[in-house]
Structure formats: structure tokens, C-alpha cells
Amino acid sequence: MAVKLMQGNEAIALGAVAAGCRFYAGYPITPSTEVAEVLSRELPKVGGKFIQMEDEIASMAAIIGASVGGLKSMTATSGPGFSLMQENIGYAAMTEIPCVVVDVQRLGPSTGQPTAASQGDVMQARWGTHGDHPIIALSPISVRQSFDLTIKAFDLSEKFRTPVILLTDEIIGHMREPVELPDFKTIRSEEYRVTAPGQEYIPFRNESGDVPPLANFGVGYRYHITGLYHDQVGFPTQRLDEIDPWLERVNTKLDKHLDEIALVEEDYQDGAKVALLSYGCSARTARHALKLARAQGKKVDMLTLFTIWPFPERQVEALGERVDRIIVPEMNLGQLAYEVERMAGRKKVRRVVRANGEMVTPQMVLEAMEG
Amino acid sequence: MSEHILEAHTLEEHEALIPQANWFERSETLQKLRKNKKFPTIWCSGCGIGVVMGALIRAIDHLGLKNDDVALVAGIGCTARMPVYMDFNTLHTTHGRALAFATGLKIARPDMKVIAIMGDGDALAIGGNHFIHAARRNLGITALVVNNAIYGMTGGQYSPTTPVGGKATTAPYGNVEPPFPVCELAIAAGATYVARSTVYHALELDKFLAEAIAKDGFSLVEAVSYCHTTYGRLNKLGTAADMMRALKDNTIAKPTFDKLSAEEQAANTKIVRGNFVNIERPQYTNVYSNLITRVQGGEK
Amino acid sequence: MTAKLSPRTEIRLAGEGGQGMILAGIILAEAAAIYDGKNAVQTQSYGPEARGGASKAEVVIASGEIDHPEVLNADVVVALSQEAFKKFASSVKPGGLLIVDEEKVDSTSAPQAIRIPVTKMAFETTGTVALGVLVGLTGVVSREAIEKAVTARAPRGTEEMNHKALDAGFTAAEKARK
């Protein structure tokens, strides 16, 4: 394909089509709406289905329903809608139904500033539901990566039977950059589901490994799915000897695959005592500052996180052992910095934060390197 | 092995405790129940919801549908527990959202019969928005609303169908809010098949449910039931049998109602049972399928 | 006059919603990235209103990677409304270029401003005129590139009108140079 100037949100929509997404349900909300607009146009062309639901709660419910029916499914929203989706995101986590939720972060809380950028949903993406469960959240730093990580989000969601959040922001979502997308036919997506009848099928079998495969409805297995704690065949249970193995399996199912899930980029220099750590739009600022600092002869490390959740603990802990100071620029009051502090120690972490809709500037990052 | 029927965890155990125990095998209809489910049901003895479950099974059986081709989607509440006992593709979702989940499932699998099973609070309070929009879209789903005019599972709070003056744990001085008429709401929102009966008139429910499931459009069946455990107790309405009898006495069939004079109809306080709407409108998944054909045919 | 552009050239186009500032930003970025083989990042901000309200597009053009996507120290500011002038005139770097709408903006506080009656020249294609002026004065992209980009983006049937507007902008830039 030729080079095109494209918005991050458009790249997400096209990434979804390339990944085999064939159902989208959503509710209009700035600054995510372009995802819906592009998919309403593109999905029917490939036999996919688009529906504008009555609210975000319904959108989230509909994509889970469609996923159970066998279609790879996605929704997109922003902060207020993401809040409304939380109960059903928890349902998808509990029932282990794959789906992708795009959150184009805007300034909150509440209605906040619809057209202003933010990275204020970092913790909501992790802990927005009630109860404990694993979740995956990916955060792109460019238009091209918006495309690539959307494809990755679908693969991880199907493979690990978990909702995956694509946690982007107004800057990356609305920003236009030149990109050359690959031919969609070259994008292979693996089939993890049970799509044919005739096998013995136990939908939530703990002995089937970390992730028992999901059978689509209508294939011939007629099993039960519930948001209640359930036994291995899916029926509600209050028995601890059935609940405990479920808790153990589900809450550790990502742990054994962290190296596959944790996408990071380490740009390290021998002898660096200061590091920058960032993600999403703020990583662009950090990289800008990094180049300025290095041009002045300073040694600085840069760790960019593309996977926010599960938090790349091993990599951040190792960085904490390398350097004396980790500077964390982000467009909130320090949500990801909490996690960095947890792994590297509070004293090593310096927050460079802004939560008023304006980007952190490279100058602010440079200043944090001094003194 | 359990010794008392209430402690039986499986149908087999249940069956073993009943004299002349081959009742399960003797009934083809009952084969649609799940054998390995932890029976008995969670419902109080005397509850009307089981009657509706029976009617639903008979309706599906009557239509000759394959179990694999039927999906039951439910929300939260006493009624919403119904799918777990039946041998179909069953999805027990979040409170109020059965129709929203069903929307995604139906669009993904237009060939499947998707039935959303809800109570009155589930369908019309927390799920009211989804109810009217599913009807407006004319999505080919059957909405089965078991209306017992109360939140039973949480212990008897007033619902959007509790009569004015009715007592509930959150309406100790009597309910002050007018109720929703379920069928009329569905009609106004665009449903193409709408019918109401009661758990006393079980065979009528069979018929209405069969017609509703056969309909290619959004269909609603309101099954009027009762909750003797909460509403009945709070309002001194007697036993389950008394409340069942009241349904017999306080309803009027639509053909009889239609013959009444305008004045008599206006003065009627009985629940009207019958099929109120049976019309044709383009069904959503057919319309969307045509859209795909048009777009793939090159339409811009 | 001509501005001395940085290797990372930062351009801010600001006006009222409906003046086509964001589309102008997109066209400029496409001229750079698609037709001139450079890198470009375009960002924007706007009020919630579809028409009216403040509207701002930013374009950063460079030959290599562009990290921070927004304008930090503008090489060029185009202000087509008084509000835009008030907000952004001071953001142009020393030696940078400030272009204002002669009729809509009272720019007496910025004597160095280039004053061109952009809106009067072409009401329907204000943004395109502004692009002609901007490219004419800076050479930030080639004339060929901006012409191709305008052709590609102009709504069908308005290509000629937009090219006339672009030419008018270049002509105005010529005059302003003298």
C-alpha cells in the first residue's frame, strides 16, 4: 500500500479489520468516534457488522455476545464511556470471553474536557472493575503502532481468553502521520477456538492448561456461561473446592507468558545513571528530551512501555537496578509512576506530570534530569 | 448420595429419590432440561417461574428446533436463573443487559433463535433502555419477561411494574409510582409480536411463546406471575395457590375484552390476556445482510 | 522577507472553526510527507462546535523522526482571527514568521507581522490562500508538492477554485517579499 497520512484512530480501525475483527458495537464519544466512523464504512465491505448501540454499557455487552457467537469483536470509547463499560469488562474477564476495548483517553474526571488529551485511565484500565482478575492493556506511541498493536490486541485476547484494552490517547488518536500499511492479506491470525463439533468439551476445565479453548455458541456444545463463580462446566457454584482452582488458574494465566505479553523497548547507554520511562503520547515527549540530552553528551536510558498491564515488572525492576533516577513523564498525576515506584523504589522515581490536557514538554523532562 | 430430595445435586440423584423414577426418560420435552445441573432449582416452592420454564420448553419442542440452534440469554434475578436448567446455548449475563448481549449474539449468528429471559426489574428498570431499542431495531430476538411485580431475589423491593399502593420492603407505606404496562411499552417501541398471558394459563403461554419464537422480528411475551414469598407476604395475598387462583380470577381474554363496550373496557381492572400485535417489519439482521450485499456489490 | 526555518520546522495555523485551518494543516502535512518525501506530524485542537469557536492545526515537518508531536517553538504562526492572534502571536520564535489576516486581525502590537487580506481574497477557500502565502514565504514544502496535495484533498468540483486560491496566496507572498 502507498504512504498515507492517517490518524491514529483510523489506523486502529484498519488494524481491527486486518486482524479479522468482524463485529463492532459502540456509542459516539469524542475523541474516539473516528474508530466507529471508519468501521461503519469498512466492516460491511468484508462481510463484517457494525452497530451503534444505545450506550456504552450495551456496546460492551453486544461485543461479548457477538464474540460468544464466533466473531472477533471490538468497541471504542473514551473515559466516561470506559467507566460505563467496566461492569461488562469484568464479565468478560470472569467468563473469559475475548474482546478488544479501545479507550482513547481524554481529560477527566467526569465530562472533563472532551477534546483534551490525557493518560488518566491507566489505573481504571487495571482496576476499573470490581474483584480480582487479569487484564491486558497496550498503549501505542504512533499511528503505525496503533495499527500494529490493535492486531496484537486481538491475538492476545483470543489466545488468553481475556479482554484486552487498547489504551491510547487523544494525541495519538487524532494525530496524523505518514504510514504505509501492509497488505491485510499478509496478516495471519491464529485460530484458538473450538469451531467444530464432536470433541469432548469442558469450557472452563482447570486441567486444560492456563487457557482452556473457547467454543463458539451454536457449534454443538450447549454449555453455560455465567458471571457467577462457576465450576468447570460453567454452572454456578459456591463450593470453595471449585472456586479456588478457578481463582488460581485465571489469576495466574498471564503470569507464565509475561515475556510474550510485555512489549517494551529498551534504549540503554552504558554508564547511564538516569533513565526516562514512558508510554503513549508522553513517550514521544520523553524521546524528544532523550535526544536533546544525548546531544549534549549526557548518558540517559529510555524504557518505552507498549504493554502497560500486566505491568512489565521484570524490566522496570532491572532498570531500577541500573540507574539512580527514573523520570516518568505522563499526562496524569502519576498513575504509572506508582507502579514504577513499586518496582524501583520511591526514592528513585521522579514524576513529570501534567493533568490539564496539555502535553508534558521536553523542557519539563530535561529539567527533571538536573538537580 | 443425598437422602432428601432438596439435597439432590443432580437430576440423577433427584430422580433416584422419586418413586418410579424413569420420569425423565419418559418425557421427550424434559430431555431439554440439563441432566447434570445441580437441581433442584433455586426458586421457592410454589413459584411461577418454573411454569414459564415448562412453557418455554414445550414451545421450543413444538417448533421442532434443535437444541444447538437455540440460545438463551438472561440477565440477573430469579427469572434470569432459568437458562441454567435448560440444555441450550445459555448465557447468564449482567443485570439488565440480556438484550444487549443478545443483540451481539443475534447479529453474529442470525441463524440462531435467540431468546432473552428477564424479570420485570431486569427488563424494564435497569434494562429499560435496551428493551426499547431492541424493539425499535426490530432485531429478531424473543424477549420473555416474567412479570412478578417485585424484585424477588433481593428480597422484595418495588419494581417498575409494582402496582400503586402495593407494599414492598422499599415501599413500606405503599408504592407511589405508577407501573409500566409491559406490552404497551413494547408495542410503542416497535415490537412486531406482543402477547401476554399468566402462569395460571400455562398452555396459552406455550402457544404465545411458540408464535413469538417463530416470528422473524422482535417479539415480546409477558408472562404474568407472582411472588408469594415477598410481595404476597408483604401484601397479605396468601399462599402461592391463592395468588395463582387470583391470576385465574383477575384476568380476561382479549377476545372477551374486545366484545365489551367502550365504557366497560375503560372500567376494566382485570389483566387482559392475548396477542396484541402480530405485524411484519423488516428484521434487522436481514436488513443488515442486504446492506452488506449492496456494499460488496460496489455501492459507495 | 523570508524566515529562517529550523530543521524541525514547526507551523501553527489558527483561526475560527469553519475557516479550514485543520484541513490546511492536513494538506500541508501531506505535501511534506507524501509529495516531498519528508516526515510530518499534524495535530489539532478545536472547540466542541462544528462551526465557529477556536480552531488550531499544528504541523511539524522534518527530514527524520519527529518525536514530540506538537509545536514547541513555532517557526511560523498563521493567525486568521483576533482570538487566534491574541493566543498564538507570541508563540512565534524570534526571527520566525507571523502571518495575519489583514482585515480580521488588529496586529498593531506585532509590527513584524505579514498582513494579507486572506479571508477577503477567497472566503470559501481561506485555508488554501493561507497555504499559498505560507509556502510562498517559507518554501517549507515545494510548490509542486502543495499543488498536488491541494488537488488530492479538494472536494470534487472545487479543484479549480482551490488552485486559484493557492495561486493568489503565492502572488500575495511575492508582493509581501518586496
# chains A, B, ... in the order shown; residues from 1 in each chain; ligands from 1
>>> select_by_dssp(residues="region 59-163 of chain B", states="strand (DSSP E or B)", output="number ranges by chain")
B: 70-74, 86, 89-92, 113-119, 141-147, 151, 157
>>> residues_around(residues="Asp244 (chain A)", least_positions_apart="6", cutoff="12 Å", atoms="only C-alpha atoms", output="NGL selection string")
:A and (206 or 229-232 or 237-238 or 250-251)
>>> residues_around(residues="region 16-29 of chain A", least_positions_apart="5", cutoff="8 Å", atoms="only C-alpha atoms", output="VMD selection string")
(chain A and resid 36 39 42 to 43 46 to 56 59 to 60 62 to 63 66 71 to 78 81 147 150 to 151 154 to 155 184 to 185 187 to 189) or (chain B and resid 108)
>>> closest_atom_pairs(of="chain C", to="chain A", cutoff="7 Å", atoms="only C-alpha atoms", output="Markdown table")
| residue | atom | partner | partner_atom | distance |
| --- | --- | --- | --- | --- |
| C:Glu30 | CA | A:Leu5 | CA | 6.2 |
| C:Ala33 | CA | A:Pro178 | CA | 6.1 |
| C:Ile34 | CA | A:Val3 | CA | 6.5 |
| C:Ala40 | CA | A:Glu177 | CA | 6.2 |
| C:Val41 | CA | A:Glu177 | CA | 4.9 |
| C:Gln42 | CA | A:Arg176 | CA | 5.0 |
| C:Thr43 | CA | A:Met175 | CA | 4.8 |
| C:Asp67 | CA | A:Arg284 | CA | 4.7 |
| C:His68 | CA | A:Thr285 | CA | 4.5 |
>>> closest_atom_pairs(of="chain B", to="chain A", cutoff="7 Å", atoms="only C-alpha atoms", output="tab-separated table")
residue	atom	partner	partner_atom	distance
B:Asp68	CA	A:Gly218	CA	5.3
B:Asp69	CA	A:Gly218	CA	5.7
B:Val84	CA	A:His224	CA	6.5
B:Asp87	CA	A:Arg222	CA	6.4
B:Phe88	CA	A:Arg222	CA	4.9
B:Asn89	CA	A:Arg222	CA	4.2
B:Thr90	CA	A:His224	CA	4.8
B:Leu91	CA	A:Ile225	CA	4.9
B:His92	CA	A:Thr226	CA	4.6
B:Thr93	CA	A:Thr226	CA	6.1
B:Arg97	CA	A:Ala61	CA	6.8
B:Ala100	CA	A:Ala58	CA	5.0
B:Phe101	CA	A:Gly65	CA	4.5
B:Ala102	CA	A:Gly65	CA	6.0
B:Thr103	CA	A:Ala62	CA	5.8
B:Gly104	CA	A:Ala62	CA	4.0
B:Leu105	CA	A:Ala66	CA	4.3
B:Ile107	CA	A:Ala66	CA	6.9
B:Ala108	CA	A:Ala66	CA	5.1
B:Arg109	CA	A:Gly69	CA	5.9
B:His133	CA	A:Glu54	CA	6.9
B:Ile292	CA	A:Pro44	CA	4.9
B:Val295	CA	A:Lys45	CA	5.9
B:Gln296	CA	A:Lys45	CA	5.3
>>> residues_around(residues="Ala172 (chain C)", least_positions_apart="3", cutoff="8 Å", atoms="only C-alpha atoms", output="MDAnalysis selection string")
chainID C and resid 116 133 168:169 175:176
>>> write_last_selection(atoms="all heavy atoms", output="PDB file, in the first residue's frame")
ATOM      1  N   ILE C 116      -2.002  40.104   5.289  1.00  0.00           N
ATOM      2  CA  ILE C 116      -2.575  39.750   3.982  1.00  0.00           C
ATOM      3  C   ILE C 116      -4.083  39.562   4.149  1.00  0.00           C
ATOM      4  O   ILE C 116      -4.515  38.899   5.104  1.00  0.00           O
ATOM      5  CB  ILE C 116      -1.909  38.458   3.442  1.00  0.00           C
ATOM      6  CG1 ILE C 116      -0.422  38.764   3.246  1.00  0.00           C
ATOM      7  CG2 ILE C 116      -2.581  37.975   2.160  1.00  0.00           C
ATOM      8  CD1 ILE C 116       0.393  37.731   2.582  1.00  0.00           C
ATOM      9  N   VAL C 133       0.238  31.559   0.778  1.00  0.00           N
ATOM     10  CA  VAL C 133       1.046  32.599   1.396  1.00  0.00           C
ATOM     11  C   VAL C 133       2.201  31.966   2.178  1.00  0.00           C
ATOM     12  O   VAL C 133       3.378  32.338   2.028  1.00  0.00           O
ATOM     13  CB  VAL C 133       0.183  33.471   2.340  1.00  0.00           C
ATOM     14  CG1 VAL C 133       1.055  34.472   3.089  1.00  0.00           C
ATOM     15  CG2 VAL C 133      -0.910  34.186   1.550  1.00  0.00           C
ATOM     16  N   ALA C 168      -3.315  32.674  -5.715  1.00  0.00           N
ATOM     17  CA  ALA C 168      -3.489  34.008  -5.134  1.00  0.00           C
ATOM     18  C   ALA C 168      -2.610  34.164  -3.896  1.00  0.00           C
ATOM     19  O   ALA C 168      -2.016  35.225  -3.671  1.00  0.00           O
ATOM     20  CB  ALA C 168      -4.951  34.246  -4.790  1.00  0.00           C
ATOM     21  N   GLY C 169      -2.535  33.096  -3.133  1.00  0.00           N
ATOM     22  CA  GLY C 169      -1.690  33.120  -1.935  1.00  0.00           C
ATOM     23  C   GLY C 169      -0.224  33.294  -2.298  1.00  0.00           C
ATOM     24  O   GLY C 169       0.490  34.091  -1.686  1.00  0.00           O
ATOM     25  N   LYS C 175       4.372  39.602  -3.298  1.00  0.00           N
ATOM     26  CA  LYS C 175       4.267  41.043  -3.008  1.00  0.00           C
ATOM     27  C   LYS C 175       4.842  41.335  -1.632  1.00  0.00           C
ATOM     28  O   LYS C 175       5.527  42.335  -1.428  1.00  0.00           O
ATOM     29  CB  LYS C 175       2.801  41.481  -3.053  1.00  0.00           C
ATOM     30  CG  LYS C 175       2.314  41.802  -4.439  1.00  0.00           C
ATOM     31  CD  LYS C 175       0.917  42.423  -4.363  1.00  0.00           C
ATOM     32  CE  LYS C 175       0.166  42.237  -5.664  1.00  0.00           C
ATOM     33  NZ  LYS C 175      -1.284  42.274  -5.447  1.00  0.00           N
ATOM     34  N   ALA C 176       4.532  40.450  -0.697  1.00  0.00           N
ATOM     35  CA  ALA C 176       4.959  40.686   0.681  1.00  0.00           C
ATOM     36  C   ALA C 176       6.484  40.622   0.810  1.00  0.00           C
ATOM     37  O   ALA C 176       7.069  41.268   1.664  1.00  0.00           O
ATOM     38  CB  ALA C 176       4.319  39.660   1.615  1.00  0.00           C
TER      39      ALA C 176
END
>>> residues_around(residues="region 157-167 of chain B", least_positions_apart="4", cutoff="7 Å", atoms="only C-alpha atoms", output="ChimeraX atom specification")
/B:120-121,124-125,149-151,171-180,234-235
>>> atom_distance(atom1="CA of Glu10 (chain A)", atom2="CA of Leu149 (chain A)")
13.0 Å
>>> closest_residue(among="C:Asp36, C:Ser142, C:Leu98, C:Arg153", to="Ala24 (chain C)", atoms="only C-alpha atoms")
C:Arg153
>>> select_by_dssp(residues="chain C", states="alpha helix (DSSP H)", output="number ranges by chain")
C: 21-30, 82-88, 118-121, 126-138, 143-153, 159-177
>>> residues_around(residues="Thr256 (chain B)", least_positions_apart="3", cutoff="10 Å", atoms="only C-alpha atoms", output="NGL selection string")
:B and (252-253 or 259-260 or 272-273)
>>> atom_distance(atom1="CA of Ser6 (chain C)", atom2="CA of Thr138 (chain C)")
11.2 Å
>>> atom_distance(atom1="CA of Leu107 (chain A)", atom2="CA of Ser90 (chain C)")
26.1 Å
>>> decode(residues="region 32-47 of chain C", atoms="all heavy atoms", output="PDB file, in the first residue's frame")
ATOM      1  N   ALA C  32       4.196  17.605   2.515  1.00  0.00           N
ATOM      2  CA  ALA C  32       5.540  17.284   3.011  1.00  0.00           C
ATOM      3  C   ALA C  32       5.796  15.782   2.981  1.00  0.00           C
ATOM      4  O   ALA C  32       6.833  15.327   2.489  1.00  0.00           O
ATOM      5  CB  ALA C  32       5.699  17.817   4.433  1.00  0.00           C
ATOM      6  N   ALA C  33       4.824  15.008   3.513  1.00  0.00           N
ATOM      7  CA  ALA C  33       5.085  13.585   3.758  1.00  0.00           C
ATOM      8  C   ALA C  33       4.880  12.725   2.523  1.00  0.00           C
ATOM      9  O   ALA C  33       5.575  11.733   2.325  1.00  0.00           O
ATOM     10  CB  ALA C  33       4.193  13.087   4.883  1.00  0.00           C
ATOM     11  N   ILE C  34       3.907  13.076   1.702  1.00  0.00           N
ATOM     12  CA  ILE C  34       3.600  12.212   0.561  1.00  0.00           C
ATOM     13  C   ILE C  34       4.311  12.693  -0.713  1.00  0.00           C
ATOM     14  O   ILE C  34       4.832  11.892  -1.467  1.00  0.00           O
ATOM     15  CB  ILE C  34       2.069  12.133   0.344  1.00  0.00           C
ATOM     16  CG1 ILE C  34       1.420  11.507   1.582  1.00  0.00           C
ATOM     17  CG2 ILE C  34       1.740  11.323  -0.904  1.00  0.00           C
ATOM     18  CD1 ILE C  34      -0.077  11.465   1.566  1.00  0.00           C
ATOM     19  N   TYR C  35       4.339  14.026  -0.902  1.00  0.00           N
ATOM     20  CA  TYR C  35       4.851  14.523  -2.191  1.00  0.00           C
ATOM     21  C   TYR C  35       6.272  15.062  -2.108  1.00  0.00           C
ATOM     22  O   TYR C  35       6.927  15.234  -3.117  1.00  0.00           O
ATOM     23  CB  TYR C  35       3.890  15.571  -2.756  1.00  0.00           C
ATOM     24  CG  TYR C  35       2.487  15.027  -2.899  1.00  0.00           C
ATOM     25  CD1 TYR C  35       1.481  15.402  -2.011  1.00  0.00           C
ATOM     26  CD2 TYR C  35       2.194  14.106  -3.905  1.00  0.00           C
ATOM     27  CE1 TYR C  35       0.202  14.876  -2.117  1.00  0.00           C
ATOM     28  CE2 TYR C  35       0.909  13.580  -4.018  1.00  0.00           C
ATOM     29  CZ  TYR C  35      -0.086  13.965  -3.120  1.00  0.00           C
ATOM     30  OH  TYR C  35      -1.331  13.438  -3.238  1.00  0.00           O
ATOM     31  N   ASP C  36       6.739  15.372  -0.892  1.00  0.00           N
ATOM     32  CA  ASP C  36       8.107  15.883  -0.774  1.00  0.00           C
ATOM     33  C   ASP C  36       9.045  14.878  -0.104  1.00  0.00           C
ATOM     34  O   ASP C  36      10.224  15.162   0.079  1.00  0.00           O
ATOM     35  CB  ASP C  36       8.114  17.197   0.038  1.00  0.00           C
ATOM     36  CG  ASP C  36       8.210  18.426  -0.874  1.00  0.00           C
ATOM     37  OD1 ASP C  36       8.376  18.238  -2.102  1.00  0.00           O
ATOM     38  OD2 ASP C  36       8.129  19.558  -0.354  1.00  0.00           O
ATOM     39  N   GLY C  37       8.501  13.731   0.290  1.00  0.00           N
ATOM     40  CA  GLY C  37       9.351  12.683   0.861  1.00  0.00           C
ATOM     41  C   GLY C  37       9.932  13.011   2.219  1.00  0.00           C
ATOM     42  O   GLY C  37      10.922  12.427   2.643  1.00  0.00           O
ATOM     43  N   LYS C  38       9.312  13.961   2.925  1.00  0.00           N
ATOM     44  CA  LYS C  38       9.796  14.277   4.275  1.00  0.00           C
ATOM     45  C   LYS C  38       8.925  13.571   5.310  1.00  0.00           C
ATOM     46  O   LYS C  38       8.009  12.830   4.974  1.00  0.00           O
ATOM     47  CB  LYS C  38       9.723  15.793   4.495  1.00  0.00           C
ATOM     48  CG  LYS C  38      10.704  16.572   3.631  1.00  0.00           C
ATOM     49  CD  LYS C  38      10.563  18.058   3.916  1.00  0.00           C
ATOM     50  CE  LYS C  38      11.543  18.858   3.074  1.00  0.00           C
ATOM     51  NZ  LYS C  38      11.217  20.282   3.088  1.00  0.00           N
ATOM     52  N   ASN C  39       9.218  13.833   6.559  1.00  0.00           N
ATOM     53  CA  ASN C  39       8.335  13.333   7.616  1.00  0.00           C
ATOM     54  C   ASN C  39       7.482  14.502   8.102  1.00  0.00           C
ATOM     55  O   ASN C  39       7.920  15.655   8.072  1.00  0.00           O
ATOM     56  CB  ASN C  39       9.167  12.750   8.759  1.00  0.00           C
ATOM     57  CG  ASN C  39       8.316  11.920   9.711  1.00  0.00           C
ATOM     58  OD1 ASN C  39       7.140  11.657   9.430  1.00  0.00           O
ATOM     59  ND2 ASN C  39       8.887  11.506  10.810  1.00  0.00           N
ATOM     60  N   ALA C  40       6.269  14.192   8.533  1.00  0.00           N
ATOM     61  CA  ALA C  40       5.397  15.253   9.044  1.00  0.00           C
ATOM     62  C   ALA C  40       4.443  14.666  10.070  1.00  0.00           C
ATOM     63  O   ALA C  40       4.041  13.512   9.957  1.00  0.00           O
ATOM     64  CB  ALA C  40       4.602  15.880   7.908  1.00  0.00           C
ATOM     65  N   VAL C  41       4.142  15.477  11.069  1.00  0.00           N
ATOM     66  CA  VAL C  41       3.109  15.102  12.025  1.00  0.00           C
ATOM     67  C   VAL C  41       2.143  16.269  12.138  1.00  0.00           C
ATOM     68  O   VAL C  41       2.553  17.412  12.286  1.00  0.00           O
ATOM     69  CB  VAL C  41       3.693  14.787  13.419  1.00  0.00           C
ATOM     70  CG1 VAL C  41       2.576  14.500  14.408  1.00  0.00           C
ATOM     71  CG2 VAL C  41       4.637  13.602  13.343  1.00  0.00           C
ATOM     72  N   GLN C  42       0.866  15.963  12.044  1.00  0.00           N
ATOM     73  CA  GLN C  42      -0.152  17.010  12.146  1.00  0.00           C
ATOM     74  C   GLN C  42      -1.007  16.728  13.373  1.00  0.00           C
ATOM     75  O   GLN C  42      -1.461  15.596  13.581  1.00  0.00           O
ATOM     76  CB  GLN C  42      -0.994  17.023  10.858  1.00  0.00           C
ATOM     77  CG  GLN C  42      -2.046  18.105  10.789  1.00  0.00           C
ATOM     78  CD  GLN C  42      -3.394  17.624  11.305  1.00  0.00           C
ATOM     79  OE1 GLN C  42      -3.690  16.438  11.263  1.00  0.00           O
ATOM     80  NE2 GLN C  42      -4.192  18.544  11.807  1.00  0.00           N
ATOM     81  N   THR C  43      -1.188  17.741  14.192  1.00  0.00           N
ATOM     82  CA  THR C  43      -2.091  17.624  15.341  1.00  0.00           C
ATOM     83  C   THR C  43      -3.062  18.789  15.295  1.00  0.00           C
ATOM     84  O   THR C  43      -2.910  19.705  14.490  1.00  0.00           O
ATOM     85  CB  THR C  43      -1.334  17.643  16.675  1.00  0.00           C
ATOM     86  OG1 THR C  43      -0.566  18.844  16.743  1.00  0.00           O
ATOM     87  CG2 THR C  43      -0.412  16.447  16.828  1.00  0.00           C
ATOM     88  N   GLN C  44      -4.023  18.746  16.164  1.00  0.00           N
ATOM     89  CA  GLN C  44      -5.048  19.783  16.086  1.00  0.00           C
ATOM     90  C   GLN C  44      -5.738  19.956  17.419  1.00  0.00           C
ATOM     91  O   GLN C  44      -5.704  19.081  18.271  1.00  0.00           O
ATOM     92  CB  GLN C  44      -6.095  19.387  15.054  1.00  0.00           C
ATOM     93  CG  GLN C  44      -6.759  18.055  15.377  1.00  0.00           C
ATOM     94  CD  GLN C  44      -7.305  17.381  14.131  1.00  0.00           C
ATOM     95  OE1 GLN C  44      -7.604  18.019  13.160  1.00  0.00           O
ATOM     96  NE2 GLN C  44      -7.417  16.083  14.157  1.00  0.00           N
ATOM     97  N   SER C  45      -6.375  21.100  17.558  1.00  0.00           N
ATOM     98  CA  SER C  45      -7.289  21.250  18.689  1.00  0.00           C
ATOM     99  C   SER C  45      -8.430  22.119  18.222  1.00  0.00           C
ATOM    100  O   SER C  45      -8.273  22.945  17.339  1.00  0.00           O
ATOM    101  CB  SER C  45      -6.584  21.879  19.884  1.00  0.00           C
ATOM    102  OG  SER C  45      -6.265  23.218  19.585  1.00  0.00           O
ATOM    103  N   TYR C  46      -9.560  21.862  18.777  1.00  0.00           N
ATOM    104  CA  TYR C  46     -10.734  22.611  18.343  1.00  0.00           C
ATOM    105  C   TYR C  46     -11.740  22.611  19.472  1.00  0.00           C
ATOM    106  O   TYR C  46     -11.716  21.751  20.358  1.00  0.00           O
ATOM    107  CB  TYR C  46     -11.349  22.016  17.080  1.00  0.00           C
ATOM    108  CG  TYR C  46     -11.364  20.515  17.077  1.00  0.00           C
ATOM    109  CD1 TYR C  46     -12.348  19.814  17.778  1.00  0.00           C
ATOM    110  CD2 TYR C  46     -10.384  19.785  16.414  1.00  0.00           C
ATOM    111  CE1 TYR C  46     -12.348  18.419  17.798  1.00  0.00           C
ATOM    112  CE2 TYR C  46     -10.376  18.400  16.441  1.00  0.00           C
ATOM    113  CZ  TYR C  46     -11.364  17.734  17.130  1.00  0.00           C
ATOM    114  OH  TYR C  46     -11.354  16.370  17.153  1.00  0.00           O
ATOM    115  N   GLY C  47     -12.635  23.589  19.390  1.00  0.00           N
ATOM    116  CA  GLY C  47     -13.712  23.620  20.371  1.00  0.00           C
ATOM    117  C   GLY C  47     -14.750  22.589  20.003  1.00  0.00           C
ATOM    118  O   GLY C  47     -14.675  21.966  18.940  1.00  0.00           O
TER     119      GLY C  47
END
